[in-house]
>>> print(open('structure_4.cif').read())   # mmCIF, C-alpha atoms
data_target
loop_
_atom_site.label_atom_id
_atom_site.label_comp_id
_atom_site.auth_asym_id
_atom_site.auth_seq_id
_atom_site.Cartn_x
_atom_site.Cartn_y
_atom_site.Cartn_z
CA MET O 1 -19.09 -130.21 63.71
CA ASN O 2 -16.98 -133.36 63.43
CA ILE O 3 -16.48 -134.29 59.78
CA ALA O 4 -14.84 -137.37 58.30
CA ALA O 5 -13.68 -136.59 54.76
CA LEU O 6 -13.14 -139.63 52.54
CA VAL O 7 -10.31 -138.64 50.19
CA SER O 8 -9.03 -140.81 47.36
CA GLY O 9 -6.34 -138.58 45.89
CA GLY O 10 -8.43 -137.75 42.84
CA VAL O 11 -9.37 -134.23 41.83
CA ASP O 12 -12.97 -134.48 43.03
CA SER O 13 -12.23 -135.46 46.63
CA SER O 14 -9.25 -133.07 46.70
CA VAL O 15 -11.47 -130.11 45.79
CA MET O 16 -14.10 -131.38 48.23
CA LEU O 17 -11.47 -131.07 50.97
CA HIS O 18 -10.48 -127.58 49.82
CA LEU O 19 -14.10 -126.43 49.94
CA LEU O 20 -14.56 -127.77 53.47
CA LYS O 21 -11.53 -125.79 54.63
CA GLU O 22 -12.82 -122.66 52.91
CA GLN O 23 -16.08 -123.09 54.84
CA GLY O 24 -14.15 -123.12 58.10
CA HIS O 25 -14.28 -126.84 58.83
CA GLU O 26 -11.44 -128.96 60.16
CA PRO O 27 -12.28 -132.43 58.83
CA VAL O 28 -10.30 -135.56 59.57
CA ILE O 29 -9.03 -137.10 56.33
CA PHE O 30 -9.54 -140.81 55.79
CA TYR O 31 -7.95 -142.79 53.00
CA ILE O 32 -9.58 -146.23 52.74
CA LEU O 33 -7.50 -149.18 51.57
CA ILE O 34 -9.88 -151.62 49.88
CA GLY O 35 -7.90 -153.16 47.04
CA MET O 36 -5.97 -156.23 48.08
CA LYS O 37 -3.58 -158.88 46.89
CA ASP O 38 -4.65 -162.47 46.91
CA LYS O 39 -2.19 -165.12 48.08
CA GLU O 40 -0.38 -165.09 44.72
CA GLY O 41 -0.41 -161.33 44.29
CA PHE O 42 -2.90 -161.42 41.43
CA LEU O 43 -5.12 -158.62 42.72
CA ASP O 44 -3.39 -155.36 43.42
CA CYS O 45 -5.07 -151.97 43.64
CA PRO O 46 -2.19 -149.50 43.45
CA SER O 47 -2.51 -146.88 46.18
CA GLU O 48 0.95 -145.37 46.62
CA GLU O 49 0.34 -142.28 44.46
CA ASP O 50 -3.13 -141.77 45.96
CA ILE O 51 -1.74 -141.85 49.49
CA GLU O 52 1.11 -139.48 48.51
CA ILE O 53 -1.38 -136.91 47.21
CA THR O 54 -3.70 -137.34 50.19
CA THR O 55 -0.74 -136.91 52.57
CA TRP O 56 0.26 -133.74 50.68
CA LEU O 57 -3.30 -132.41 51.11
CA ALA O 58 -3.22 -133.15 54.84
CA LYS O 59 0.00 -131.16 55.21
CA LYS O 60 -1.22 -128.30 53.02
CA TYR O 61 -4.39 -127.82 55.03
CA GLY O 62 -2.99 -128.81 58.43
CA LEU O 63 -5.39 -131.71 58.90
CA ARG O 64 -5.14 -135.05 60.63
CA MET O 65 -5.05 -138.01 58.25
CA GLU O 66 -5.65 -141.69 58.80
CA VAL O 67 -5.10 -144.57 56.39
CA VAL O 68 -7.61 -147.28 57.32
CA THR O 69 -7.92 -150.79 55.99
CA LEU O 70 -11.19 -152.40 54.92
CA GLN O 71 -9.59 -154.97 52.63
CA GLU O 72 -11.07 -158.07 54.22
CA GLU O 73 -14.53 -156.52 54.38
CA TYR O 74 -14.25 -155.52 50.73
CA TRP O 75 -13.27 -159.02 49.67
CA ASP O 76 -15.96 -160.69 51.77
CA SER O 77 -18.74 -158.44 50.51
CA VAL O 78 -18.06 -156.62 47.23
CA VAL O 79 -15.66 -159.03 45.53
CA ALA O 80 -17.63 -162.07 46.70
CA TYR O 81 -20.86 -160.44 45.44
CA THR O 82 -19.25 -159.79 42.04
CA ILE O 83 -18.00 -163.35 41.62
CA ASP O 84 -21.33 -164.83 42.73
CA ALA O 85 -23.31 -162.60 40.36
CA VAL O 86 -21.08 -163.45 37.41
CA LYS O 87 -21.46 -167.18 38.09
CA LYS O 88 -25.24 -166.74 37.94
CA GLY O 89 -25.02 -164.96 34.58
CA LEU O 90 -25.87 -161.57 36.07
CA THR O 91 -24.29 -158.20 35.33
CA PRO O 92 -23.00 -156.99 38.72
CA ASN O 93 -22.35 -153.41 39.79
CA PRO O 94 -19.52 -153.49 42.38
CA ASP O 95 -19.47 -149.70 42.74
CA VAL O 96 -23.07 -149.64 43.98
CA MET O 97 -22.37 -152.32 46.58
CA CYS O 98 -19.08 -150.71 47.62
CA ASN O 99 -20.86 -147.47 48.55
CA ARG O 100 -23.50 -149.21 50.63
CA MET O 101 -21.40 -151.91 52.25
CA ILE O 102 -17.91 -150.39 52.52
CA LYS O 103 -17.67 -146.59 52.27
CA PHE O 104 -20.84 -145.90 54.22
CA GLY O 105 -21.26 -149.30 55.87
CA SER O 106 -18.11 -150.86 57.28
CA PHE O 107 -16.28 -147.52 57.42
CA ASN O 108 -18.97 -145.91 59.55
CA GLU O 109 -19.21 -148.94 61.84
CA LYS O 110 -15.46 -149.08 62.46
CA TYR O 111 -14.31 -145.47 62.19
CA GLY O 112 -17.19 -143.07 61.60
CA ARG O 113 -19.43 -143.36 64.65
CA ASP O 114 -17.93 -140.31 66.39
CA PHE O 115 -18.45 -138.06 63.37
CA ASP O 116 -21.49 -135.92 62.62
CA LEU O 117 -20.93 -136.00 58.85
CA ILE O 118 -19.14 -138.12 56.26
CA THR O 119 -18.21 -136.22 53.10
CA THR O 120 -17.08 -137.54 49.74
CA GLY O 121 -16.23 -136.25 46.27
CA HIS O 122 -19.30 -137.80 44.65
CA TYR O 123 -21.30 -135.77 42.15
CA ALA O 124 -24.54 -135.81 44.13
CA SER O 125 -26.41 -133.62 46.59
CA THR O 126 -29.05 -133.77 49.28
CA LEU O 127 -32.20 -131.82 50.06
CA GLU O 128 -34.80 -131.78 52.78
CA LYS O 129 -38.58 -131.76 52.45
CA GLU O 130 -40.88 -131.74 55.46
CA GLY O 131 -38.09 -132.90 57.71
CA VAL O 132 -37.04 -135.79 55.44
CA LYS O 133 -33.59 -135.87 53.83
CA TYR O 134 -33.40 -137.02 50.22
CA LEU O 135 -30.58 -138.03 47.90
CA ALA O 136 -30.63 -135.51 45.05
CA THR O 137 -28.85 -135.28 41.73
CA ALA O 138 -25.81 -133.12 41.08
CA LYS O 139 -25.78 -129.84 39.23
CA ASP O 140 -23.63 -131.54 36.58
CA LYS O 141 -26.10 -134.07 35.19
CA PHE O 142 -23.42 -135.50 32.89
CA LYS O 143 -21.25 -136.46 35.88
CA ASP O 144 -24.10 -137.25 38.30
CA GLN O 145 -23.31 -140.34 40.42
CA THR O 146 -26.55 -140.85 42.32
CA ASP O 147 -27.07 -144.14 40.46
CA PHE O 148 -24.01 -145.48 42.30
CA LEU O 149 -25.53 -144.32 45.62
CA ALA O 150 -29.06 -145.62 45.12
CA GLN O 151 -28.66 -148.65 47.41
CA ILE O 152 -27.62 -146.72 50.51
CA THR O 153 -29.87 -146.68 53.58
CA TYR O 154 -31.57 -143.67 55.16
CA ASP O 155 -29.35 -143.93 58.24
CA GLN O 156 -26.34 -143.71 55.93
CA LEU O 157 -27.80 -140.78 53.97
CA LYS O 158 -28.47 -138.79 57.15
CA LYS O 159 -24.70 -138.60 57.79
CA LEU O 160 -23.67 -137.86 54.20
CA ASP O 161 -22.75 -134.60 52.49
CA PHE O 162 -21.42 -133.98 48.97
CA PRO O 163 -19.61 -130.60 48.84
CA ILE O 164 -18.96 -130.60 45.06
CA GLY O 165 -22.54 -131.52 44.14
CA ASN O 166 -23.34 -127.92 43.13
CA LEU O 167 -20.39 -127.68 40.74
CA HIS O 168 -19.78 -128.78 37.18
CA LYS O 169 -16.71 -130.89 36.52
CA ALA O 170 -15.07 -128.00 34.66
CA GLU O 171 -15.51 -125.82 37.76
CA VAL O 172 -13.91 -128.51 39.94
CA ARG O 173 -10.91 -128.69 37.60
CA LYS O 174 -10.66 -124.89 37.59
CA ILE O 175 -10.58 -124.71 41.39
CA ALA O 176 -7.95 -127.46 41.52
CA ASN O 177 -5.75 -125.53 39.09
CA GLN O 178 -6.28 -122.21 40.89
CA VAL O 179 -5.07 -123.60 44.21
CA ASN O 180 -2.37 -125.77 42.60
CA LEU O 181 -3.63 -129.14 43.76
CA PRO O 182 -1.44 -132.04 42.52
CA SER O 183 -4.54 -133.91 41.35
CA ALA O 184 -5.66 -131.07 39.07
CA GLY O 185 -4.59 -132.84 35.90
CA ARG O 186 -5.26 -136.45 36.96
CA LYS O 187 -7.61 -138.44 34.81
CA ASP O 188 -10.82 -139.71 36.34
CA SER O 189 -10.48 -143.23 37.70
CA GLN O 190 -11.98 -145.96 35.56
CA GLY O 191 -12.98 -149.50 36.35
CA ILE O 192 -13.29 -151.47 39.55
CA CYS O 193 -10.68 -150.77 42.21
CA PHE O 194 -10.12 -154.32 43.35
CA LEU O 195 -8.98 -155.24 39.86
CA GLY O 196 -6.17 -152.73 39.96
CA LYS O 197 -4.45 -153.02 36.59
CA VAL O 198 -5.81 -156.52 35.97
CA ASN O 199 -8.02 -157.12 32.94
CA TYR O 200 -11.64 -157.84 33.93
CA ASN O 201 -11.82 -161.04 31.88
CA ASP O 202 -8.54 -162.24 33.40
CA PHE O 203 -10.06 -161.73 36.83
CA ILE O 204 -13.24 -163.64 35.89
CA ARG O 205 -11.20 -166.41 34.28
CA ARG O 206 -9.14 -166.86 37.44
CA TYR O 207 -12.07 -167.06 39.85
CA VAL O 208 -14.85 -168.53 37.69
CA GLY O 209 -12.91 -170.50 35.08
CA GLU O 210 -13.72 -171.35 31.47
CA LYS O 211 -16.24 -173.63 29.81
CA ASP O 212 -16.77 -173.91 26.06
CA GLY O 213 -20.24 -172.98 24.84
CA ARG O 214 -22.08 -172.01 21.67
CA ILE O 215 -22.87 -168.60 20.22
CA VAL O 216 -26.27 -168.87 18.55
CA GLU O 217 -28.24 -166.43 16.38
CA LEU O 218 -31.48 -165.83 18.27
CA GLU O 219 -33.72 -165.46 15.25
CA THR O 220 -32.55 -168.54 13.29
CA GLY O 221 -30.97 -170.88 15.85
CA LYS O 222 -27.84 -171.02 13.69
CA ILE O 223 -24.59 -171.75 15.53
CA LEU O 224 -22.18 -168.93 14.69
CA GLY O 225 -19.22 -169.70 16.91
CA THR O 226 -18.06 -170.63 20.38
CA HIS O 227 -17.23 -168.85 23.62
CA LYS O 228 -15.38 -169.68 26.84
CA GLY O 229 -18.30 -169.20 29.25
CA TYR O 230 -21.47 -167.13 29.35
CA TRP O 231 -20.04 -165.26 32.36
CA PHE O 232 -17.62 -163.42 30.07
CA HIS O 233 -20.53 -161.81 28.21
CA THR O 234 -23.24 -159.33 29.12
CA ILE O 235 -26.49 -158.24 27.51
CA GLY O 236 -25.90 -155.44 25.01
CA GLN O 237 -22.26 -156.42 24.44
CA ARG O 238 -21.00 -155.87 20.91
CA LYS O 239 -17.22 -156.26 21.01
CA GLY O 240 -15.21 -159.36 21.82
CA LEU O 241 -17.46 -161.97 20.20
CA GLY O 242 -15.08 -162.87 17.37
CA LEU O 243 -17.87 -163.05 14.77
CA SER O 244 -17.69 -161.88 11.16
CA GLN O 245 -20.38 -160.05 9.16
CA GLY O 246 -21.35 -157.99 12.15
CA PRO O 247 -22.17 -156.04 14.14
CA TRP O 248 -23.54 -158.66 16.54
CA PHE O 249 -25.11 -157.89 19.91
CA VAL O 250 -25.55 -160.23 22.86
CA VAL O 251 -29.31 -160.27 23.51
CA LYS O 252 -29.86 -163.33 25.73
CA LYS O 253 -27.99 -165.95 27.77
CA ASP O 254 -28.98 -169.51 28.65
CA THR O 255 -27.05 -170.21 31.84
CA ASN O 256 -28.19 -173.84 32.04
CA GLU O 257 -26.95 -174.72 28.56
CA ASN O 258 -24.09 -172.18 28.48
CA ILE O 259 -25.43 -170.57 25.30
CA VAL O 260 -24.94 -166.94 24.31
CA TYR O 261 -27.60 -165.66 21.91
CA VAL O 262 -26.84 -162.81 19.53
CA SER O 263 -28.67 -160.67 16.98
CA ASN O 264 -27.26 -158.99 13.89
CA GLY O 265 -27.44 -155.33 12.90
CA TYR O 266 -26.55 -151.94 14.24
CA ASP O 267 -29.77 -151.60 16.22
CA PRO O 268 -31.55 -154.97 16.52
CA LEU O 269 -35.01 -154.81 18.06
CA THR O 270 -34.20 -157.84 20.21
CA GLN O 271 -31.87 -155.78 22.40
CA TYR O 272 -34.69 -153.40 23.42
CA ARG O 273 -37.23 -153.68 26.24
CA ASP O 274 -39.96 -151.38 27.50
CA THR O 275 -40.89 -153.47 30.55
CA ILE O 276 -38.22 -153.89 33.21
CA LYS O 277 -38.94 -156.05 36.25
CA LEU O 278 -37.11 -155.36 39.48
CA SER O 279 -36.34 -157.81 42.25
CA GLY O 280 -37.20 -155.88 45.39
CA PHE O 281 -36.66 -152.17 45.89
CA ASN O 282 -34.58 -150.07 48.27
CA PHE O 283 -36.45 -146.85 49.09
CA ILE O 284 -33.72 -144.62 50.54
CA SER O 285 -35.98 -142.12 52.31
CA GLY O 286 -39.21 -144.09 52.36
CA ASN O 287 -41.89 -144.68 49.77
CA PRO O 288 -43.03 -141.31 48.30
CA TRP O 289 -46.24 -142.73 46.84
CA ALA O 290 -49.27 -143.30 49.03
CA ASP O 291 -50.97 -145.69 46.60
CA LEU O 292 -48.64 -148.28 45.06
CA SER O 293 -51.52 -149.73 43.04
CA GLN O 294 -51.45 -146.69 40.75
CA PRO O 295 -48.65 -146.06 38.20
CA ALA O 296 -46.26 -143.30 39.23
CA ASN O 297 -44.60 -141.01 36.69
CA ILE O 298 -40.83 -141.27 37.03
CA THR O 299 -37.49 -140.95 35.31
CA PHE O 300 -34.98 -143.77 35.62
CA LYS O 301 -31.58 -145.20 34.68
CA ILE O 302 -30.47 -148.79 34.17
CA ARG O 303 -26.77 -147.99 33.82
CA HIS O 304 -24.37 -145.12 34.45
CA THR O 305 -25.21 -142.70 31.64
CA PRO O 306 -25.95 -138.94 31.54
CA GLU O 307 -29.44 -139.57 30.16
CA PHE O 308 -32.57 -140.12 32.24
CA ASN O 309 -35.34 -142.24 30.72
CA LYS O 310 -39.02 -141.40 31.19
CA GLY O 311 -41.51 -143.98 32.33
CA LYS O 312 -43.86 -145.23 35.02
CA LEU O 313 -43.28 -147.32 38.12
CA LEU O 314 -45.89 -149.95 38.89
CA PHE O 315 -46.17 -152.59 41.56
CA VAL O 316 -47.50 -155.84 40.16
CA ASP O 317 -48.24 -158.49 42.79
CA GLY O 318 -46.12 -156.41 45.14
CA LYS O 319 -43.13 -156.40 42.81
CA PRO O 320 -41.83 -153.20 41.17
CA VAL O 321 -41.96 -152.91 37.38
CA ILE O 322 -40.68 -150.05 35.22
CA GLU O 323 -42.72 -149.30 32.10
CA SER O 324 -40.45 -147.23 29.88
CA GLU O 325 -41.95 -144.56 27.64
CA VAL O 326 -39.45 -145.54 24.94
CA PRO O 327 -37.85 -149.01 24.68
CA VAL O 328 -34.33 -149.06 26.15
CA SER O 329 -31.42 -151.21 25.03
CA GLY O 330 -29.07 -153.50 26.90
CA VAL O 331 -31.35 -154.36 29.83
CA ALA O 332 -29.41 -156.99 31.80
CA ALA O 333 -30.34 -158.95 34.89
CA GLY O 334 -28.23 -157.92 37.87
CA GLN O 335 -28.02 -154.27 36.89
CA PHE O 336 -29.88 -151.77 39.04
CA GLY O 337 -32.95 -149.88 37.93
CA VAL O 338 -32.61 -146.49 39.62
CA ILE O 339 -35.78 -144.44 40.14
CA TYR O 340 -36.02 -140.63 40.18
CA ASP O 341 -38.86 -138.12 40.29
CA GLN O 342 -40.18 -136.65 37.04
CA ALA O 343 -37.75 -133.72 37.21
CA SER O 344 -34.76 -136.07 37.71
CA GLU O 345 -33.90 -134.21 40.89
CA ILE O 346 -34.64 -136.70 43.68
CA CYS O 347 -33.28 -140.23 43.65
CA TYR O 348 -35.78 -142.46 45.46
CA GLY O 349 -33.70 -145.63 45.33
CA SER O 350 -33.15 -148.71 43.20
CA GLY O 351 -33.97 -152.35 42.65
CA GLU O 352 -32.02 -155.12 40.97
CA ILE O 353 -33.20 -155.97 37.46
CA ASP O 354 -34.79 -159.41 37.39
CA TRP O 355 -34.72 -162.00 34.62
CA GLN O 356 -36.98 -160.99 31.74
#
>>> encode(input="structure_4.cif", output="structure tokens")
Amino acid sequence: MNIAALVSGGVDSSVMLHLLKEQGHEPVIFYILIGMKDKEGFLDCPSEEDIEITTWLAKKYGLRMEVVTLQEEYWDSVVAYTIDAVKKGLTPNPDVMCNRMIKFGSFNEKYGRDFDLITTGHYASTLEKEGVKYLATAKDKFKDQTDFLAQITYDQLKKLDFPIGNLHKAEVRKIANQVNLPSAGRKDSQGICFLGKVNYNDFIRRYVGEKDGRIVELETGKILGTHKGYWFHTIGQRKGLGLSQGPWFVVKKDTNENIVYVSNGYDPLTQYRDTIKLSGFNFISGNPWADLSQPANITFKIRHTPEFNKGKLLFVDGKPVIESEVPVSGVAAGQFGVIYDQASEICYGSGEIDWQ
């Protein structure tokens, strides 16, 4: 079996590679360059250490390694999507789009067509029912990353495998230490790769700019302060508002008037919603429900957290709507509502949260 192993230099993909070798496979290692510098060197995703570790792994296991570049594709799709979403006042999720469009999209089109499988170090798994392959959650529910994979297509899923999906993070670290992998003690990567070491707000300021606006208390209409653009703020945000007598939470944005609305208190009711509308829906392995006119019992996520929320999925006028059993906080347009079965084992797919 021809396997393309996507290795980043982190502990998860390093152990993934080790497990493949233990199983008798001889995968080809691919390190994907996606971070890039703009013309003034502002964007820089450091890759030297990652490539050093990946090269070390290739030598240790006697495997062929290729460093491939998808920088232009990443800029044209993921970075452009992020900037466009921010301008519209949405809360983008670049990691979701990177998986669909780059790791399992452009990579497969340019380099992966001759391979039977593409493997990664994601905390996820797959299962088959009646000849249909499904994206399934990882054994380690705290580290589960299926929410980042919920926009992939079925054709992409059919070629994917996740060797560490049946392990807890602690087990992955233990294996890495036992076989003396250089990534054993590396911290998990945080943030968006294309930003490198650049502050997120600095990135937004450079490509979207600034525009003074008002911060207004939702309940009273009182002007509490000013901001430099609604695009710097997201629903549910608490820090970085510069307001006294807090805590204050961002609960609404008026993109036409450039107003950020806030509510006071540690748990204001205005930041909660029990009805979440989705704009379209990507069923990864097809629609599992025969009758979309009837509510389906589900679990779901609206952000990357260990917890799964309980609720129902309805289709109103053909559009998907999540009815949460308990109101959830920080629901922001542009995020993805990710749908699972009642047992939180199968990930059916996701839809982008629409304006409320």
>>> resolve_selection(input="structure_4.cif", expression="the PyMOL selection byres ((chain O and resi 174-176) around 10)", output="MDAnalysis selection string")
chainID O and resid 11:12 14:16 18:19 168:173 177:185
>>> resolve_selection(input="structure_4.cif", expression="the PyMOL selection byres ((chain O and resi 204) around 12)", output="ChimeraX atom specification")
/O:42-43,79-80,82-87,89,195,198-203,205-210,228-233
>>> resolve_selection(input="structure_4.cif", expression="the PyMOL selection byres ((chain O and resi 248-265) around 8)", output="PyMOL selection string")
chain O and resi 88-89+212-219+227+229-230+233-238+241+243+246-247+266-268+270-271+330
>>> residues_around(input="structure_4.cif", residues="range 111-127 of chain O", least_positions_apart="5", cutoff="7 Å", atoms="all atoms listed in the file", output="list of chain:residue names")
O:Met1, O:Asn2, O:Ile3, O:Ala4, O:Ala5, O:Leu6, O:Val7, O:Asp12, O:Ser13, O:Met16, O:Lys133, O:Tyr134, O:Leu135, O:Ala136, O:Thr137, O:Ala138, O:Lys143, O:Asp144, O:Gln145, O:Thr146, O:Lys159, O:Leu160, O:Asp161, O:Phe162, O:Ile164, O:Gly165
>>> closest_residue(input="structure_4.cif", among="O:Phe283, O:Phe336, O:Trp289, O:Tyr154", to="Asn93 in chain O", atoms="all atoms listed in the file")
O:Phe336
>>> residues_near_point(input="structure_4.cif", point="(-9.7, -144.7, 51.2)", cutoff="12 Å", atoms="all atoms listed in the file", output="PyMOL selection string")
chain O and resi 4-10+13+29-35+45-48+50-51+54-55+65-71+74+98-99+102-104+107+111+120-121+193
>>> closest_residue(input="structure_4.cif", among="O:Lys158, O:Trp56, O:Gly349, O:Tyr61", to="Glu22 in chain O", atoms="all atoms listed in the file")
O:Tyr61
>>> axis_aligned_box(input="structure_4.cif", around="range 308-324 of chain O", padding_each_side="8 Å", output="lines of an AutoDock Vina configuration file")
center_x = -40.4
center_y = -149.3
center_z = 37.5
size_x = 31.7
size_y = 34.4
size_z = 31.3
>>> residues_around(input="structure_4.cif", residues="Ile302 in chain O", least_positions_apart="4", cutoff="8 Å", atoms="only C-alpha atoms", output="list in words")
Val331, Gln335, Phe336, Gly337 and Val338 of chain O
>>> closest_residue(input="structure_4.cif", among="O:Lys312, O:Lys277, O:Arg303, O:Lys239", to="Gly351 in chain O", atoms="only C-alpha atoms")
O:Lys277
